[in-house]
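What follows is a set of notes on a single structure, which appears directly below.
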Amino acid sequence: MAENFKKGDIVRMDYDAYIIADVDKLYDTTNADNAKEAGFFNEKYKYAPLAYVIGSGKLFKVLDEAIASAKVGEEVTVEVACEDAAGPKNPKLIETFPLKEFYKQEIRPFPGLEVRLGDRTGTILSVGAGRVKVDFNNPLAGKDLKYVFKISEEIKDDVAKAECITEMDFGTADGFKFEVADKKVSIYTPDIVKFNQNWLMAKFRIVNDMRESLDVDTIEFIEVWEKAPAKE
């Protein structure tokens with residue numbers, strides 16, 4: 001299938017993601033109404049077309065290739081086998097812990113609860129006989145997936161591209177300001193990044209993606225610290 005987009009191009013798209021084995025159970029979407037109907041609506045999440053850099057590797061390869069071959073406004077359905085998605089489930093990542101370990105952390109365990117133990121995140125499979133079984137596999141491991149997506153637009157303006165990349169790599173572009181001129185991107189950062197532990201790694205991703213998608217030599221981040229106004 002011929003590609004309509006090349007590596008580094010940026011698009012926005014709507015999508016619905018399903019787990020095929022669970023009678024096409026919806027597990028992710030950009031549509032708020034679909035999330036409500038599926039029972040996982042999150043009022044803190046912004047439901048809107050997803051910004052994506054073609055060839056960035058942030059989505060499964062099969063899905064990335066389907067996006068690169070799609071046309072704006074065309075609805076596309078693509079299935080991704082577990083081997084090409086999160087991979088098969090590893091039984092060694094299913095572990096059992098004493099129930100008292102959860103009580104020490106004031107956690108009331110039940111099947112389906114997502115928990116963080118040490119530096120790992122897992123899902124509780126079962127609770128019984130003083131023991132708790134936790135699955136540390138990726139939640140999508142061992143599952144065949146289906147995506148239904150539609151590209152709403154291709155982003156061509158450089159400032160809009162910078163905004164999309166920041167949104168994709170940091171989770172939001174709210175409060176940021178961007179200037180692109182003379183082969184340089186200037187990014188004015190909001191106060192939120194000063195206290196966010198994920199910002200340092202996000203900066204590296206933003207720089208890499210902007211180098212891929214924008215014809216620039218320099219990327220600078222500008223923090224502004226303003227003195228609070230004196231109280232009357």
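For the structure tokens, the naming scheme is as follows: chains receive sequential letters (A, B, ...) according to their order of presentation, residues are indexed from 1 within each chain, and ligands are indexed from 1 in presentation order.
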
Worksheet item: Taking the backbone alone, and naming residues the way the document does, which bits of range 91-130 of chain A are strand (DSSP E) by DSSP, as a VMD selection string?
Response: chain A and resid 94 to 98 114 to 117 120 to 128

Atoms kept (N, CA and C atoms) for selection, written as a compact mmCIF listing (two decimals), in the first residue's frame:
```txt
# COMPACT_ATOMS: atom_id res chain seq x y z
N ILE A 94 3.80 -12.79 36.51
CA ILE A 94 2.66 -12.95 37.40
C ILE A 94 3.18 -13.47 38.73
N GLU A 95 3.06 -12.66 39.78
CA GLU A 95 3.67 -12.96 41.07
C GLU A 95 2.64 -12.93 42.20
N THR A 96 2.98 -13.62 43.28
CA THR A 96 2.09 -13.72 44.44
C THR A 96 2.73 -13.03 45.64
N PHE A 97 1.93 -12.26 46.38
CA PHE A 97 2.40 -11.51 47.54
C PHE A 97 1.50 -11.77 48.74
N PRO A 98 2.06 -11.68 49.96
CA PRO A 98 1.23 -11.81 51.16
C PRO A 98 0.22 -10.66 51.25
N GLU A 114 -5.47 -1.71 39.86
CA GLU A 114 -4.10 -1.42 39.44
C GLU A 114 -3.31 -0.94 40.65
N VAL A 115 -2.15 -1.55 40.90
CA VAL A 115 -1.35 -1.21 42.07
C VAL A 115 0.10 -0.95 41.65
N ARG A 116 0.77 -0.16 42.45
CA ARG A 116 2.20 0.10 42.22
C ARG A 116 2.98 -0.49 43.39
N LEU A 117 3.86 -1.44 43.08
CA LEU A 117 4.68 -2.09 44.08
C LEU A 117 6.14 -1.84 43.72
N ARG A 120 7.26 -0.93 40.01
CA ARG A 120 6.48 -1.63 39.00
C ARG A 120 4.98 -1.42 39.21
N THR A 121 4.26 -1.41 38.10
CA THR A 121 2.81 -1.28 38.16
C THR A 121 2.19 -2.57 37.63
N GLY A 122 1.21 -3.09 38.36
CA GLY A 122 0.56 -4.33 37.97
C GLY A 122 -0.93 -4.30 38.24
N THR A 123 -1.60 -5.37 37.81
CA THR A 123 -3.04 -5.51 38.01
C THR A 123 -3.32 -6.74 38.84
N ILE A 124 -4.13 -6.59 39.89
CA ILE A 124 -4.46 -7.71 40.76
C ILE A 124 -5.36 -8.70 40.02
N LEU A 125 -4.97 -9.97 40.03
CA LEU A 125 -5.75 -11.01 39.37
C LEU A 125 -6.69 -11.70 40.34
N SER A 126 -6.21 -11.96 41.56
CA SER A 126 -7.05 -12.68 42.53
C SER A 126 -6.58 -12.40 43.96
N VAL A 127 -7.51 -12.57 44.90
CA VAL A 127 -7.22 -12.38 46.33
C VAL A 127 -7.84 -13.56 47.08
N GLY A 128 -7.04 -14.24 47.88
CA GLY A 128 -7.58 -15.36 48.64
C GLY A 128 -6.52 -16.07 49.44
```

Item to complete: For range 40-57 of chain A, please output as an MDAnalysis selection string all residues within 7 Å (counting only C-alpha atoms; exclusion window: fewer than 2 positions along the same chain).
Response: chainID A and resid 6:14 30:32 35:36 38 59:61 64 68 164 168

Fill in: Who sits within 10 Å of Lys92 in chain A, only C-alpha atoms, same chain under 2 positions skipped, as a PyMOL selection string
chain A and resi 89-90+94-95+135-137

Written file, previous selection with N, CA, C and O atoms, as a PDB file, in the first residue's frame:
```
ATOM      1  N   LYS A  89       1.868 -12.808  26.651  1.00  0.00           N
ATOM      2  CA  LYS A  89       1.953 -12.642  28.103  1.00  0.00           C
ATOM      3  C   LYS A  89       3.067 -13.524  28.664  1.00  0.00           C
ATOM      4  O   LYS A  89       3.198 -14.695  28.307  1.00  0.00           O
ATOM      5  N   ASN A  90       3.884 -12.950  29.560  1.00  0.00           N
ATOM      6  CA  ASN A  90       4.986 -13.674  30.190  1.00  0.00           C
ATOM      7  C   ASN A  90       4.537 -14.174  31.563  1.00  0.00           C
ATOM      8  O   ASN A  90       4.294 -13.369  32.474  1.00  0.00           O
ATOM      9  N   ILE A  94       3.803 -12.792  36.509  1.00  0.00           N
ATOM     10  CA  ILE A  94       2.659 -12.951  37.395  1.00  0.00           C
ATOM     11  C   ILE A  94       3.183 -13.467  38.732  1.00  0.00           C
ATOM     12  O   ILE A  94       3.729 -14.570  38.816  1.00  0.00           O
ATOM     13  N   GLU A  95       3.056 -12.660  39.781  1.00  0.00           N
ATOM     14  CA  GLU A  95       3.670 -12.964  41.073  1.00  0.00           C
ATOM     15  C   GLU A  95       2.639 -12.933  42.199  1.00  0.00           C
ATOM     16  O   GLU A  95       1.589 -12.295  42.073  1.00  0.00           O
ATOM     17  N   ASP A 135      -0.436  -9.306  38.280  1.00  0.00           N
ATOM     18  CA  ASP A 135       0.085  -9.461  36.924  1.00  0.00           C
ATOM     19  C   ASP A 135       0.824  -8.181  36.532  1.00  0.00           C
ATOM     20  O   ASP A 135       0.222  -7.113  36.427  1.00  0.00           O
ATOM     21  N   PHE A 136       2.146  -8.291  36.312  1.00  0.00           N
ATOM     22  CA  PHE A 136       2.961  -7.137  35.932  1.00  0.00           C
ATOM     23  C   PHE A 136       3.164  -7.033  34.420  1.00  0.00           C
ATOM     24  O   PHE A 136       3.926  -6.194  33.947  1.00  0.00           O
ATOM     25  N   ASN A 137       2.487  -7.878  33.657  1.00  0.00           N
ATOM     26  CA  ASN A 137       2.535  -7.764  32.209  1.00  0.00           C
ATOM     27  C   ASN A 137       1.849  -6.477  31.760  1.00  0.00           C
ATOM     28  O   ASN A 137       1.006  -5.920  32.469  1.00  0.00           O
TER      29      ASN A 137
END
```

Extract, using only C-alpha atoms, all DNA, RNA and protein residues at most 7 Å from Lys150 in chain A, discarding same-chain residues fewer than 5 positions from it, and format them as an mmCIF file with all heavy atoms, in the first residue's frame.
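Written out: result_0.cif:
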```cif
data_model
loop_
_atom_site.group_PDB
_atom_site.id
_atom_site.type_symbol
_atom_site.label_atom_id
_atom_site.label_comp_id
_atom_site.auth_asym_id
_atom_site.auth_seq_id
_atom_site.Cartn_x
_atom_site.Cartn_y
_atom_site.Cartn_z
ATOM 1 N N MET A 13 -5.769 12.728 14.503
ATOM 2 C CA MET A 13 -6.725 11.687 14.139
ATOM 3 C C MET A 13 -7.608 11.302 15.314
ATOM 4 O O MET A 13 -7.218 11.404 16.485
ATOM 5 C CB MET A 13 -5.982 10.447 13.631
ATOM 6 C CG MET A 13 -5.122 9.776 14.670
ATOM 7 S SD MET A 13 -4.286 8.313 14.015
ATOM 8 C CE MET A 13 -3.456 7.718 15.510
ATOM 9 N N ASP A 14 -8.819 10.873 14.989
ATOM 10 C CA ASP A 14 -9.717 10.264 15.963
ATOM 11 C C ASP A 14 -9.582 8.754 15.845
ATOM 12 O O ASP A 14 -9.322 8.229 14.753
ATOM 13 C CB ASP A 14 -11.165 10.675 15.693
ATOM 14 C CG ASP A 14 -11.457 12.090 16.178
ATOM 15 O OD1 ASP A 14 -11.352 12.324 17.395
ATOM 16 O OD2 ASP A 14 -11.784 12.956 15.342
ATOM 17 N N TYR A 15 -9.747 8.061 16.965
ATOM 18 C CA TYR A 15 -9.642 6.601 16.895
ATOM 19 C C TYR A 15 -10.443 5.942 18.012
ATOM 20 O O TYR A 15 -10.726 6.544 19.057
ATOM 21 C CB TYR A 15 -8.178 6.148 16.989
ATOM 22 C CG TYR A 15 -7.566 6.343 18.358
ATOM 23 C CD1 TYR A 15 -7.672 5.361 19.351
ATOM 24 C CD2 TYR A 15 -6.905 7.517 18.681
ATOM 25 C CE1 TYR A 15 -7.127 5.543 20.609
ATOM 26 C CE2 TYR A 15 -6.356 7.707 19.938
ATOM 27 C CZ TYR A 15 -6.469 6.716 20.895
ATOM 28 O OH TYR A 15 -5.937 6.910 22.147
ATOM 29 N N GLY A 73 -9.632 12.163 6.189
ATOM 30 C CA GLY A 73 -11.077 11.986 6.090
ATOM 31 C C GLY A 73 -11.523 10.564 5.826
ATOM 32 O O GLY A 73 -12.727 10.273 5.832
ATOM 33 N N GLU A 74 -10.586 9.645 5.609
ATOM 34 C CA GLU A 74 -10.920 8.250 5.306
ATOM 35 C C GLU A 74 -10.914 7.420 6.591
ATOM 36 O O GLU A 74 -9.958 7.452 7.362
ATOM 37 C CB GLU A 74 -9.886 7.684 4.333
ATOM 38 C CG GLU A 74 -10.021 6.190 4.065
ATOM 39 C CD GLU A 74 -8.850 5.630 3.271
ATOM 40 O OE1 GLU A 74 -7.715 6.133 3.442
ATOM 41 O OE2 GLU A 74 -9.072 4.704 2.482
ATOM 42 N N GLU A 75 -11.981 6.670 6.845
ATOM 43 C CA GLU A 75 -12.020 5.783 8.012
ATOM 44 C C GLU A 75 -11.318 4.474 7.680
ATOM 45 O O GLU A 75 -11.602 3.841 6.658
ATOM 46 C CB GLU A 75 -13.463 5.498 8.441
ATOM 47 C CG GLU A 75 -13.537 4.652 9.719
ATOM 48 C CD GLU A 75 -14.956 4.498 10.245
ATOM 49 O OE1 GLU A 75 -15.451 5.436 10.898
ATOM 50 O OE2 GLU A 75 -15.561 3.433 9.973
ATOM 51 N N VAL A 76 -10.390 4.105 8.532
ATOM 52 C CA VAL A 76 -9.571 2.909 8.304
ATOM 53 C C VAL A 76 -9.681 1.968 9.495
ATOM 54 O O VAL A 76 -9.678 2.416 10.651
ATOM 55 C CB VAL A 76 -8.086 3.285 8.093
ATOM 56 C CG1 VAL A 76 -7.230 2.037 7.911
ATOM 57 C CG2 VAL A 76 -7.936 4.220 6.903
#
```

Discussion item. Residues within 9 Å of range 16-23 of chain A, please, as an MDAnalysis selection string. Count only C-alpha atoms; anything in the same chain fewer than 4 positions from it doesn't count.
Written reply: chainID A and resid 27:31 34 79 140 143:149

Worksheet entry | Pick from A:Ala70, A:Lys133, A:Val180, A:Phe221, whichever lies nearest to Leu200 in chain A using only C-alpha atoms |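 Result for the nearest residue to Leu200 in chain A: A:Phe221.
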
Distance query Glu179 in chain A at most 10 Å, only C-alpha atoms, self and fewer than 6 positions along chain excluded, as a PDB file with N, CA and C atoms, in the first residue's frame:
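out-v6.pdb, freshly written:
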```pdb
ATOM      1  N   ASP A 158       4.397  25.469  11.085  1.00  0.00           N
ATOM      2  CA  ASP A 158       5.486  25.105  11.988  1.00  0.00           C
ATOM      3  C   ASP A 158       5.141  25.314  13.466  1.00  0.00           C
ATOM      4  N   VAL A 159       4.459  26.401  13.780  1.00  0.00           N
ATOM      5  CA  VAL A 159       4.080  26.642  15.179  1.00  0.00           C
ATOM      6  C   VAL A 159       3.085  25.587  15.636  1.00  0.00           C
ATOM      7  N   ALA A 160       2.135  25.246  14.772  1.00  0.00           N
ATOM      8  CA  ALA A 160       1.162  24.198  15.107  1.00  0.00           C
ATOM      9  C   ALA A 160       1.855  22.852  15.269  1.00  0.00           C
ATOM     10  N   ALA A 162       4.961  22.407  16.363  1.00  0.00           N
ATOM     11  CA  ALA A 162       5.646  22.449  17.657  1.00  0.00           C
ATOM     12  C   ALA A 162       4.662  22.190  18.794  1.00  0.00           C
ATOM     13  N   VAL A 185      13.442  27.066  17.054  1.00  0.00           N
ATOM     14  CA  VAL A 185      12.180  26.981  17.780  1.00  0.00           C
ATOM     15  C   VAL A 185      12.413  27.488  19.194  1.00  0.00           C
ATOM     16  N   SER A 186      11.620  28.470  19.604  1.00  0.00           N
ATOM     17  CA  SER A 186      11.667  28.969  20.983  1.00  0.00           C
ATOM     18  C   SER A 186      10.406  28.502  21.695  1.00  0.00           C
ATOM     19  N   ILE A 187      10.601  27.798  22.813  1.00  0.00           N
ATOM     20  CA  ILE A 187       9.478  27.244  23.561  1.00  0.00           C
ATOM     21  C   ILE A 187       9.429  27.912  24.929  1.00  0.00           C
ATOM     22  N   TYR A 188       8.391  28.681  25.155  1.00  0.00           N
ATOM     23  CA  TYR A 188       8.195  29.333  26.447  1.00  0.00           C
ATOM     24  C   TYR A 188       7.352  28.402  27.316  1.00  0.00           C
TER      25      TYR A 188
END
```

Fill in: Near-Lys203 in chain A list (9 Å; only C-alpha atoms; drop same-chain fewer than 3 positions) as a ChimeraX atom specification
/A:166,169-170,198-200,206-208,221

Produce a file of the selected residues containing N, CA and C atoms, as a PDB file, in the first residue's frame.
```
ATOM      1  N   THR A 166       4.719  18.859  21.379  1.00  0.00           N
ATOM      2  CA  THR A 166       4.737  19.027  22.836  1.00  0.00           C
ATOM      3  C   THR A 166       3.560  18.310  23.482  1.00  0.00           C
ATOM      4  N   ASP A 169       4.322  14.508  23.392  1.00  0.00           N
ATOM      5  CA  ASP A 169       5.435  14.019  24.210  1.00  0.00           C
ATOM      6  C   ASP A 169       5.302  14.355  25.692  1.00  0.00           C
ATOM      7  N   PHE A 170       4.556  15.413  26.019  1.00  0.00           N
ATOM      8  CA  PHE A 170       4.413  15.805  27.420  1.00  0.00           C
ATOM      9  C   PHE A 170       3.004  15.553  27.953  1.00  0.00           C
ATOM     10  N   ASN A 198       8.307  14.415  35.189  1.00  0.00           N
ATOM     11  CA  ASN A 198       8.404  13.817  33.860  1.00  0.00           C
ATOM     12  C   ASN A 198       8.915  14.798  32.806  1.00  0.00           C
ATOM     13  N   TRP A 199       9.095  16.062  33.184  1.00  0.00           N
ATOM     14  CA  TRP A 199       9.441  17.070  32.191  1.00  0.00           C
ATOM     15  C   TRP A 199      10.821  16.843  31.576  1.00  0.00           C
ATOM     16  N   LEU A 200      11.796  16.414  32.364  1.00  0.00           N
ATOM     17  CA  LEU A 200      13.147  16.238  31.845  1.00  0.00           C
ATOM     18  C   LEU A 200      13.177  15.245  30.693  1.00  0.00           C
ATOM     19  N   ILE A 206      10.758  15.759  22.963  1.00  0.00           N
ATOM     20  CA  ILE A 206      10.343  16.920  22.178  1.00  0.00           C
ATOM     21  C   ILE A 206      11.452  17.349  21.215  1.00  0.00           C
ATOM     22  N   VAL A 207      12.692  17.412  21.715  1.00  0.00           N
ATOM     23  CA  VAL A 207      13.822  17.807  20.872  1.00  0.00           C
ATOM     24  C   VAL A 207      13.987  16.828  19.710  1.00  0.00           C
ATOM     25  N   ASN A 208      13.947  15.538  19.981  1.00  0.00           N
ATOM     26  CA  ASN A 208      14.127  14.533  18.930  1.00  0.00           C
ATOM     27  C   ASN A 208      13.042  14.641  17.868  1.00  0.00           C
ATOM     28  N   PHE A 221      14.491  26.203  25.196  1.00  0.00           N
ATOM     29  CA  PHE A 221      13.412  26.235  26.174  1.00  0.00           C
ATOM     30  C   PHE A 221      13.621  27.446  27.064  1.00  0.00           C
TER      31      PHE A 221
END
```

Worksheet entry | Residue set, range 36-149 of chain A restricted to helix (DSSP H, G or I), as a list of chain:residue names |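 Everything in range 36-149 of chain A that counts as helix (DSSP H, G or I) is A:Lys36, A:Glu37, A:Ala38, A:Lys61, A:Val62, A:Leu63, A:Asp64, A:Glu65, A:Ala66, A:Ile67, A:Ala68, A:Ser69, A:Cys82, A:Glu83, A:Asp84, A:Pro91, A:Lys92, A:Leu93, A:Leu99, A:Lys100, A:Glu101, A:Phe102, A:Tyr103, A:Lys104.
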